[in-house]
$ cat work-v5.tsv   # TSV, N, CA and C atoms
chain	number	residue	atom	x	y	z
A	645	MET	N	119.44	67.49	165.80
A	645	MET	CA	120.01	66.82	166.94
A	645	MET	C	121.47	67.18	167.11
A	646	ALA	N	122.21	67.14	166.04
A	646	ALA	CA	123.63	67.49	166.11
A	646	ALA	C	123.78	68.92	166.59
A	647	ALA	N	122.81	69.76	166.27
A	647	ALA	CA	122.86	71.16	166.71
A	647	ALA	C	122.81	71.24	168.23
A	648	ALA	N	121.99	70.41	168.86
A	648	ALA	CA	121.90	70.41	170.32
A	648	ALA	C	123.23	69.99	170.94
A	649	VAL	N	123.86	68.99	170.35
A	649	VAL	CA	125.15	68.52	170.86
A	649	VAL	C	126.22	69.58	170.63
A	650	ARG	N	126.23	70.21	169.45
A	650	ARG	CA	127.20	71.28	169.17
A	650	ARG	C	126.97	72.47	170.09
A	651	ALA	N	125.70	72.77	170.41
A	651	ALA	CA	125.40	73.90	171.28
A	651	ALA	C	126.01	73.69	172.67
A	652	LEU	N	126.04	72.44	173.13
A	652	LEU	CA	126.67	72.16	174.41
A	652	LEU	C	128.17	72.35	174.32
A	653	GLY	N	128.74	71.90	173.20
A	653	GLY	CA	130.17	72.06	172.98
A	653	GLY	C	130.98	71.68	174.19
A	654	GLY	N	131.87	72.56	174.60
A	654	GLY	CA	132.70	72.33	175.77
A	654	GLY	C	132.07	72.90	177.02
A	655	GLY	N	130.76	73.09	177.02
A	655	GLY	CA	130.08	73.75	178.12
A	655	GLY	C	129.72	72.87	179.30
A	656	LEU	N	130.10	71.61	179.27
A	656	LEU	CA	129.82	70.75	180.41
A	656	LEU	C	130.77	71.11	181.55
A	657	GLY	N	130.25	71.10	182.75
A	657	GLY	CA	131.11	71.33	183.89
A	657	GLY	C	130.78	72.54	184.72
A	658	ARG	N	130.02	73.48	184.22
A	658	ARG	CA	129.67	74.66	185.01
A	658	ARG	C	128.59	74.29	186.02
A	659	GLY	N	129.00	73.88	187.20
A	659	GLY	CA	128.06	73.43	188.22
A	659	GLY	C	127.69	71.97	188.07
A	660	LEU	N	127.93	71.41	186.91
A	660	LEU	CA	127.67	70.00	186.64
A	660	LEU	C	128.94	69.22	186.89
A	661	ARG	N	128.84	68.09	187.59
A	661	ARG	CA	130.03	67.32	187.94
A	661	ARG	C	130.17	66.01	187.18
A	662	GLU	N	129.02	65.44	186.73
A	662	GLU	CA	129.08	64.13	186.08
A	662	GLU	C	127.78	63.86	185.35
A	663	LEU	N	127.87	63.16	184.22
A	663	LEU	CA	126.70	62.65	183.50
A	663	LEU	C	126.80	61.14	183.46
A	664	ARG	N	125.68	60.47	183.74
A	664	ARG	CA	125.62	59.02	183.64
A	664	ARG	C	124.42	58.65	182.78
A	665	ILE	N	124.64	57.77	181.83
A	665	ILE	CA	123.55	57.28	180.99
A	665	ILE	C	123.41	55.79	181.25
A	666	HIS	N	122.24	55.39	181.75
A	666	HIS	CA	121.94	53.98	181.99
A	666	HIS	C	121.07	53.50	180.85
A	667	LEU	N	121.40	52.31	180.29
A	667	LEU	CA	120.60	51.78	179.20
A	667	LEU	C	120.74	50.28	179.11
A	668	CYS	N	119.84	49.67	178.37
A	668	CYS	CA	119.88	48.24	178.08
A	668	CYS	C	120.51	48.05	176.71
A	669	GLN	N	121.34	47.02	176.56
A	669	GLN	CA	122.02	46.77	175.29
A	669	GLN	C	121.07	46.30	174.20
A	670	ARG	N	119.93	45.74	174.56
A	670	ARG	CA	119.06	45.11	173.56
A	670	ARG	C	117.65	45.65	173.46
A	671	SER	N	117.11	46.25	174.50
A	671	SER	CA	115.69	46.59	174.52
A	671	SER	C	115.34	47.68	173.50
A	672	ALA	N	114.11	47.58	173.00
A	672	ALA	CA	113.62	48.58	172.05
A	672	ALA	C	113.51	49.95	172.71
A	673	GLY	N	113.21	49.98	174.01
A	673	GLY	CA	113.08	51.24	174.73
A	673	GLY	C	114.38	52.02	174.83
A	674	SER	N	115.52	51.34	174.67
A	674	SER	CA	116.83	51.99	174.74
A	674	SER	C	117.41	52.28	173.35
A	675	ARG	N	116.69	51.97	172.29
A	675	ARG	CA	117.24	52.12	170.93
A	675	ARG	C	117.72	53.54	170.65
A	676	GLY	N	116.91	54.54	170.97
A	676	GLY	CA	117.30	55.93	170.72
A	676	GLY	C	118.54	56.34	171.51
A	677	VAL	N	118.67	55.82	172.72
A	677	VAL	CA	119.84	56.12	173.55
A	677	VAL	C	121.09	55.50	172.92
A	678	ARG	N	120.96	54.25	172.46
A	678	ARG	CA	122.10	53.60	171.80
A	678	ARG	C	122.51	54.37	170.55
A	679	GLU	N	121.53	54.81	169.77
A	679	GLU	CA	121.84	55.59	168.56
A	679	GLU	C	122.50	56.91	168.92
A	680	PHE	N	122.01	57.58	169.97
A	680	PHE	CA	122.62	58.83	170.42
A	680	PHE	C	124.09	58.62	170.79
A	681	ILE	N	124.36	57.56	171.55
A	681	ILE	CA	125.73	57.27	171.98
A	681	ILE	C	126.62	56.99	170.76
A	682	GLU	N	126.13	56.18	169.84
A	682	GLU	CA	126.91	55.85	168.65
A	682	GLU	C	127.23	57.09	167.82
A	683	GLN	N	126.30	58.01	167.74
A	683	GLN	CA	126.46	59.19	166.89
A	683	GLN	C	127.16	60.36	167.57
A	684	HIS	N	127.02	60.50	168.90
A	684	HIS	CA	127.44	61.75	169.53
A	684	HIS	C	128.38	61.64	170.73
A	685	TYR	N	128.60	60.44	171.25
A	685	TYR	CA	129.46	60.33	172.43
A	685	TYR	C	130.87	60.86	172.14
A	686	VAL	N	131.44	60.46	171.03
A	686	VAL	CA	132.82	60.86	170.71
A	686	VAL	C	132.92	62.38	170.61
A	687	THR	N	131.95	63.01	169.95
A	687	THR	CA	131.93	64.47	169.81
A	687	THR	C	131.88	65.15	171.18
A	688	LEU	N	130.97	64.68	172.04
A	688	LEU	CA	130.85	65.26	173.38
A	688	LEU	C	132.13	65.06	174.18
A	689	LYS	N	132.70	63.88	174.10
A	689	LYS	CA	133.90	63.59	174.89
A	689	LYS	C	135.10	64.39	174.39
A	690	LYS	N	135.22	64.55	173.07
A	690	LYS	CA	136.33	65.36	172.53
A	690	LYS	C	136.19	66.82	172.95
A	691	ALA	N	134.96	67.31	173.03
A	691	ALA	CA	134.74	68.70	173.43
A	691	ALA	C	134.91	68.89	174.94
A	692	ASN	N	134.80	67.80	175.70
A	692	ASN	CA	134.89	67.85	177.16
A	692	ASN	C	135.77	66.71	177.67
A	693	PRO	N	137.06	66.74	177.32
A	693	PRO	CA	137.91	65.57	177.61
A	693	PRO	C	138.10	65.27	179.10
A	694	GLU	N	138.01	66.25	179.95
A	694	GLU	CA	138.22	66.03	181.38
A	694	GLU	C	136.92	65.76	182.14
A	695	PHE	N	135.79	65.89	181.46
A	695	PHE	CA	134.49	65.77	182.12
A	695	PHE	C	134.03	64.31	182.11
A	696	PRO	N	133.60	63.77	183.27
A	696	PRO	CA	133.15	62.38	183.32
A	696	PRO	C	131.77	62.18	182.69
A	697	ILE	N	131.74	61.45	181.60
A	697	ILE	CA	130.50	61.04	180.93
A	697	ILE	C	130.50	59.52	180.97
A	698	LEU	N	129.65	58.95	181.81
A	698	LEU	CA	129.68	57.52	182.06
A	698	LEU	C	128.52	56.82	181.36
A	699	ILE	N	128.81	55.73	180.68
A	699	ILE	CA	127.80	54.93	180.01
A	699	ILE	C	127.69	53.62	180.78
A	700	ARG	N	126.49	53.33	181.28
A	700	ARG	CA	126.28	52.11	182.08
A	700	ARG	C	125.23	51.24	181.39
A	701	GLU	N	125.68	50.10	180.90
A	701	GLU	CA	124.78	49.16	180.25
A	701	GLU	C	124.44	48.02	181.20
A	702	CYS	N	123.15	47.68	181.25
A	702	CYS	CA	122.72	46.57	182.08
A	702	CYS	C	121.46	45.99	181.46
A	703	SER	N	121.43	44.70	181.32
A	703	SER	CA	120.30	44.04	180.69
A	703	SER	C	119.00	44.31	181.44
A	704	GLY	N	117.99	44.76	180.72
A	704	GLY	CA	116.66	44.94	181.28
A	704	GLY	C	116.39	46.25	181.99
A	705	VAL	N	117.35	47.16	182.08
A	705	VAL	CA	117.09	48.43	182.78
A	705	VAL	C	116.38	49.42	181.86
A	706	GLN	N	115.65	50.32	182.47
A	706	GLN	CA	115.03	51.41	181.73
A	706	GLN	C	116.09	52.48	181.49
A	707	PRO	N	116.13	53.07	180.30
A	707	PRO	CA	117.15	54.09	180.04
A	707	PRO	C	116.87	55.39	180.80
A	708	VAL	N	117.92	55.90	181.44
A	708	VAL	CA	117.80	57.11	182.26
A	708	VAL	C	119.09	57.92	182.11
A	709	LEU	N	118.94	59.23	182.06
A	709	LEU	CA	120.07	60.14	182.10
A	709	LEU	C	120.14	60.74	183.50
A	710	TRP	N	121.28	60.58	184.15
A	710	TRP	CA	121.51	61.14	185.49
A	710	TRP	C	122.55	62.25	185.38
A	711	ALA	N	122.29	63.35	186.06
A	711	ALA	CA	123.24	64.45	186.13
A	711	ALA	C	123.53	64.72	187.60
A	712	ARG	N	124.81	64.73	187.95
A	712	ARG	CA	125.22	65.06	189.32
A	712	ARG	C	125.79	66.47	189.30
A	713	PHE	N	125.26	67.31	190.17
A	713	PHE	CA	125.67	68.71	190.27
A	713	PHE	C	126.52	68.93	191.50
A	714	GLU	N	126.89	70.17	191.72
A	714	GLU	CA	127.65	70.51	192.91
A	714	GLU	C	126.90	70.08	194.17
A	715	PHE	N	127.63	69.84	195.22
A	715	PHE	CA	127.10	69.46	196.53
A	715	PHE	C	126.33	68.14	196.49
A	716	GLY	N	126.59	67.29	195.49
A	716	GLY	CA	126.00	65.96	195.43
A	716	GLY	C	124.56	65.89	194.98
A	717	LYS	N	123.99	67.00	194.54
A	717	LYS	CA	122.60	66.99	194.08
A	717	LYS	C	122.51	66.30	192.73
A	718	GLU	N	121.48	65.50	192.56
A	718	GLU	CA	121.31	64.76	191.31
A	718	GLU	C	119.92	64.98	190.72
A	719	LYS	N	119.87	64.92	189.40
A	719	LYS	CA	118.62	64.99	188.65
A	719	LYS	C	118.63	63.85	187.66
A	720	SER	N	117.45	63.32	187.36
A	720	SER	CA	117.38	62.27	186.35
A	720	SER	C	116.25	62.57	185.37
A	721	VAL	N	116.42	62.06	184.16
A	721	VAL	CA	115.42	62.20	183.11
A	721	VAL	C	115.24	60.81	182.49
A	722	PRO	N	113.99	60.29	182.49
A	722	PRO	CA	113.77	59.00	181.83
A	722	PRO	C	113.91	59.15	180.31
A	723	LEU	N	114.54	58.18	179.67
A	723	LEU	CA	114.79	58.23	178.23
A	723	LEU	C	114.09	57.10	177.48
A	724	ASN	N	113.15	56.43	178.13
A	724	ASN	CA	112.49	55.27	177.54
A	724	ASN	C	111.73	55.64	176.26
A	725	ASN	N	112.00	54.91	175.21
A	725	ASN	CA	111.33	55.07	173.91
A	725	ASN	C	111.56	56.42	173.25
A	726	LEU	N	112.62	57.13	173.61
A	726	LEU	CA	112.93	58.39	172.95
A	726	LEU	C	113.79	58.14	171.72
A	727	THR	N	113.70	59.04	170.75
A	727	THR	CA	114.59	58.98	169.59
A	727	THR	C	115.94	59.59	169.98
A	728	ALA	N	116.92	59.42	169.13
A	728	ALA	CA	118.23	60.02	169.39
A	728	ALA	C	118.11	61.54	169.49
A	729	ASP	N	117.25	62.14	168.66
A	729	ASP	CA	117.01	63.60	168.73
A	729	ASP	C	116.47	64.01	170.09
A	730	GLN	N	115.50	63.25	170.58
A	730	GLN	CA	114.90	63.58	171.86
A	730	GLN	C	115.89	63.37	173.01
A	731	VAL	N	116.76	62.40	172.88
A	731	VAL	CA	117.80	62.19	173.90
A	731	VAL	C	118.73	63.40	173.94
A	732	ALA	N	119.10	63.91	172.76
A	732	ALA	CA	119.97	65.10	172.70
A	732	ALA	C	119.29	66.30	173.35
A	733	LYS	N	118.00	66.46	173.12
A	733	LYS	CA	117.27	67.58	173.73
A	733	LYS	C	117.16	67.41	175.24
A	734	ALA	N	116.96	66.17	175.70
A	734	ALA	CA	116.92	65.90	177.14
A	734	ALA	C	118.27	66.21	177.78
A	735	LEU	N	119.35	65.83	177.10
A	735	LEU	CA	120.69	66.14	177.60
A	735	LEU	C	120.89	67.64	177.68
A	736	GLU	N	120.51	68.35	176.63
A	736	GLU	CA	120.67	69.80	176.62
A	736	GLU	C	119.87	70.44	177.76
A	737	SER	N	118.64	69.98	177.98
A	737	SER	CA	117.81	70.60	179.03
A	737	SER	C	118.36	70.32	180.43
A	738	ILE	N	118.88	69.12	180.66
A	738	ILE	CA	119.40	68.82	182.01
A	738	ILE	C	120.72	69.54	182.26
A	739	VAL	N	121.53	69.70	181.20
A	739	VAL	CA	122.80	70.41	181.35
A	739	VAL	C	122.59	71.90	181.62
A	740	THR	N	121.58	72.48	181.00
A	740	THR	CA	121.32	73.91	181.19
A	740	THR	C	120.47	74.22	182.42
A	741	SER	N	119.92	73.18	183.05
A	741	SER	CA	119.11	73.40	184.25
A	741	SER	C	120.00	73.52	185.48
A	742	LYS	N	119.41	73.90	186.56
A	742	LYS	CA	120.10	73.96	187.83
A	742	LYS	C	119.60	72.83	188.70
A	743	ALA	N	120.45	72.31	189.56
A	743	ALA	CA	120.05	71.21	190.44
A	743	ALA	C	119.03	71.67	191.46

$ encode --input "work-v5.tsv" --output "C-alpha cells"
Amino acid sequence: MAAAVRALGGGLGRGLRELRIHLCQRSAGSRGVREFIEQHYVTLKKANPEFPILIRECSGVQPVLWARFEFGKEKSVPLNNLTADQVAKALESIVTSKA
C-alpha cells in the first residue's frame, strides 16, 4: 500500500485539480478509508503541498473518492468496505486515469 502512495509521490496535479474523500467518522464501511487517511494523508500532502486534498466527514455517508479534472470533469470511486490497501489502489487508479 505504501508503495502505491510513494508511486504517486508529487505526481498529483497533471490534469487533476482536486481530490475529495467523503467518509463517515464511525461506520464500519469507512474503516479502511479512515486507516488510509491516518497512515498516508501526511505523506501525500507533504509530497503535494499546493494540491488540494480535501477530507469531508459526515455521519452516515458512504465513503467515496472524488477527483476533479480540468474543465470541471469529475470522476468518483466508491470506497465502501475497502481496506486501506484497496483505497490506495483506488486512489492510484483514479489519479492515473483521464477524466

$ atom_distance --input "work-v5.tsv" --atom1 "atom C of Phe715 of chain A" --atom2 "atom C of His666 of chain A"
22.1 Å

$ closest_residue --input "work-v5.tsv" --among "A:Val686, A:Thr727, A:Gly704, A:Trp710" --to "Glu662 of chain A" --atoms "all atoms listed in the file"
A:Trp710

$ closest_residue --input "work-v5.tsv" --among "A:Leu656, A:Val677, A:Ile738, A:Cys668" --to "Leu726 of chain A" --atoms "all atoms listed in the file"
A:Val677

$ select_by_dssp --input "work-v5.tsv" --residues "chain A" --states "helix (DSSP H, G or I)" --output "PyMOL selection string"
chain A and resi 646-652+672-691+714-716+728-740

$ select_by_dssp --input "work-v5.tsv" --residues "chain A" --states "strand (DSSP E or B)" --output "MDAnalysis selection string"
chainID A and resid 660:667 697:701 708:713 718:722

$ atom_distance --input "work-v5.tsv" --atom1 "atom C of Thr740 of chain A" --atom2 "atom N of Gly673 of chain A"
26.7 Å

$ residues_around --input "work-v5.tsv" --residues "Leu663 of chain A" --least-positions-apart "4" --cutoff "7 Å" --atoms "all atoms listed in the file" --output "list in words"
Phe695, Pro696, Ile697, Leu698, Ile699, Leu709, Trp710, Ala711 and Arg712 of chain A

$ atom_distance --input "work-v5.tsv" --atom1 "atom CA of Glu701 of chain A" --atom2 "atom CA of Gly676 of chain A"
13.9 Å

$ residues_around --input "work-v5.tsv" --residues "Leu735 of chain A" --least-positions-apart "2" --cutoff "12 Å" --atoms "only C-alpha atoms" --output "VMD selection string"
chain A and resid 645 to 646 648 to 652 656 663 to 665 677 680 to 681 684 to 685 688 697 708 to 711 719 to 723 726 728 to 733 737 to 741

$ write_last_selection --input "work-v5.tsv" --atoms "N, CA and C atoms" --output "compact mmCIF listing (two decimals), in the coordinates of the input"
# COMPACT_ATOMS: atom_id res chain seq x y z
N MET A 645 119.44 67.49 165.80
CA MET A 645 120.01 66.82 166.94
C MET A 645 121.47 67.18 167.11
N ALA A 646 122.21 67.14 166.04
CA ALA A 646 123.63 67.49 166.11
C ALA A 646 123.78 68.92 166.59
N ALA A 648 121.99 70.41 168.86
CA ALA A 648 121.90 70.41 170.32
C ALA A 648 123.23 69.99 170.94
N VAL A 649 123.86 68.99 170.35
CA VAL A 649 125.15 68.52 170.86
C VAL A 649 126.22 69.58 170.63
N ARG A 650 126.23 70.21 169.45
CA ARG A 650 127.20 71.28 169.17
C ARG A 650 126.97 72.47 170.09
N ALA A 651 125.70 72.77 170.41
CA ALA A 651 125.40 73.90 171.28
C ALA A 651 126.01 73.69 172.67
N LEU A 652 126.04 72.44 173.13
CA LEU A 652 126.67 72.16 174.41
C LEU A 652 128.17 72.35 174.32
N LEU A 656 130.10 71.61 179.27
CA LEU A 656 129.82 70.75 180.41
C LEU A 656 130.77 71.11 181.55
N LEU A 663 127.87 63.16 184.22
CA LEU A 663 126.70 62.65 183.50
C LEU A 663 126.80 61.14 183.46
N ARG A 664 125.68 60.47 183.74
CA ARG A 664 125.62 59.02 183.64
C ARG A 664 124.42 58.65 182.78
N ILE A 665 124.64 57.77 181.83
CA ILE A 665 123.55 57.28 180.99
C ILE A 665 123.41 55.79 181.25
N VAL A 677 118.67 55.82 172.72
CA VAL A 677 119.84 56.12 173.55
C VAL A 677 121.09 55.50 172.92
N PHE A 680 122.01 57.58 169.97
CA PHE A 680 122.62 58.83 170.42
C PHE A 680 124.09 58.62 170.79
N ILE A 681 124.36 57.56 171.55
CA ILE A 681 125.73 57.27 171.98
C ILE A 681 126.62 56.99 170.76
N HIS A 684 127.02 60.50 168.90
CA HIS A 684 127.44 61.75 169.53
C HIS A 684 128.38 61.64 170.73
N TYR A 685 128.60 60.44 171.25
CA TYR A 685 129.46 60.33 172.43
C TYR A 685 130.87 60.86 172.14
N LEU A 688 130.97 64.68 172.04
CA LEU A 688 130.85 65.26 173.38
C LEU A 688 132.13 65.06 174.18
N ILE A 697 131.74 61.45 181.60
CA ILE A 697 130.50 61.04 180.93
C ILE A 697 130.50 59.52 180.97
N VAL A 708 117.92 55.90 181.44
CA VAL A 708 117.80 57.11 182.26
C VAL A 708 119.09 57.92 182.11
N LEU A 709 118.94 59.23 182.06
CA LEU A 709 120.07 60.14 182.10
C LEU A 709 120.14 60.74 183.50
N TRP A 710 121.28 60.58 184.15
CA TRP A 710 121.51 61.14 185.49
C TRP A 710 122.55 62.25 185.38
N ALA A 711 122.29 63.35 186.06
CA ALA A 711 123.24 64.45 186.13
C ALA A 711 123.53 64.72 187.60
N LYS A 719 119.87 64.92 189.40
CA LYS A 719 118.62 64.99 188.65
C LYS A 719 118.63 63.85 187.66
N SER A 720 117.45 63.32 187.36
CA SER A 720 117.38 62.27 186.35
C SER A 720 116.25 62.57 185.37
N VAL A 721 116.42 62.06 184.16
CA VAL A 721 115.42 62.20 183.11
C VAL A 721 115.24 60.81 182.49
N PRO A 722 113.99 60.29 182.49
CA PRO A 722 113.77 59.00 181.83
C PRO A 722 113.91 59.15 180.31
N LEU A 723 114.54 58.18 179.67
CA LEU A 723 114.79 58.23 178.23
C LEU A 723 114.09 57.10 177.48
N LEU A 726 112.62 57.13 173.61
CA LEU A 726 112.93 58.39 172.95
C LEU A 726 113.79 58.14 171.72
N ALA A 728 116.92 59.42 169.13
CA ALA A 728 118.23 60.02 169.39
C ALA A 728 118.11 61.54 169.49
N ASP A 729 117.25 62.14 168.66
CA ASP A 729 117.01 63.60 168.73
C ASP A 729 116.47 64.01 170.09
N GLN A 730 115.50 63.25 170.58
CA GLN A 730 114.90 63.58 171.86
C GLN A 730 115.89 63.37 173.01
N VAL A 731 116.76 62.40 172.88
CA VAL A 731 117.80 62.19 173.90
C VAL A 731 118.73 63.40 173.94
N ALA A 732 119.10 63.91 172.76
CA ALA A 732 119.97 65.10 172.70
C ALA A 732 119.29 66.30 173.35
N LYS A 733 118.00 66.46 173.12
CA LYS A 733 117.27 67.58 173.73
C LYS A 733 117.16 67.41 175.24
N SER A 737 118.64 69.98 177.98
CA SER A 737 117.81 70.60 179.03
C SER A 737 118.36 70.32 180.43
N ILE A 738 118.88 69.12 180.66
CA ILE A 738 119.40 68.82 182.01
C ILE A 738 120.72 69.54 182.26
N VAL A 739 121.53 69.70 181.20
CA VAL A 739 122.80 70.41 181.35
C VAL A 739 122.59 71.90 181.62
N THR A 740 121.58 72.48 181.00
CA THR A 740 121.32 73.91 181.19
C THR A 740 120.47 74.22 182.42
N SER A 741 119.92 73.18 183.05
CA SER A 741 119.11 73.40 184.25
C SER A 741 120.00 73.52 185.48
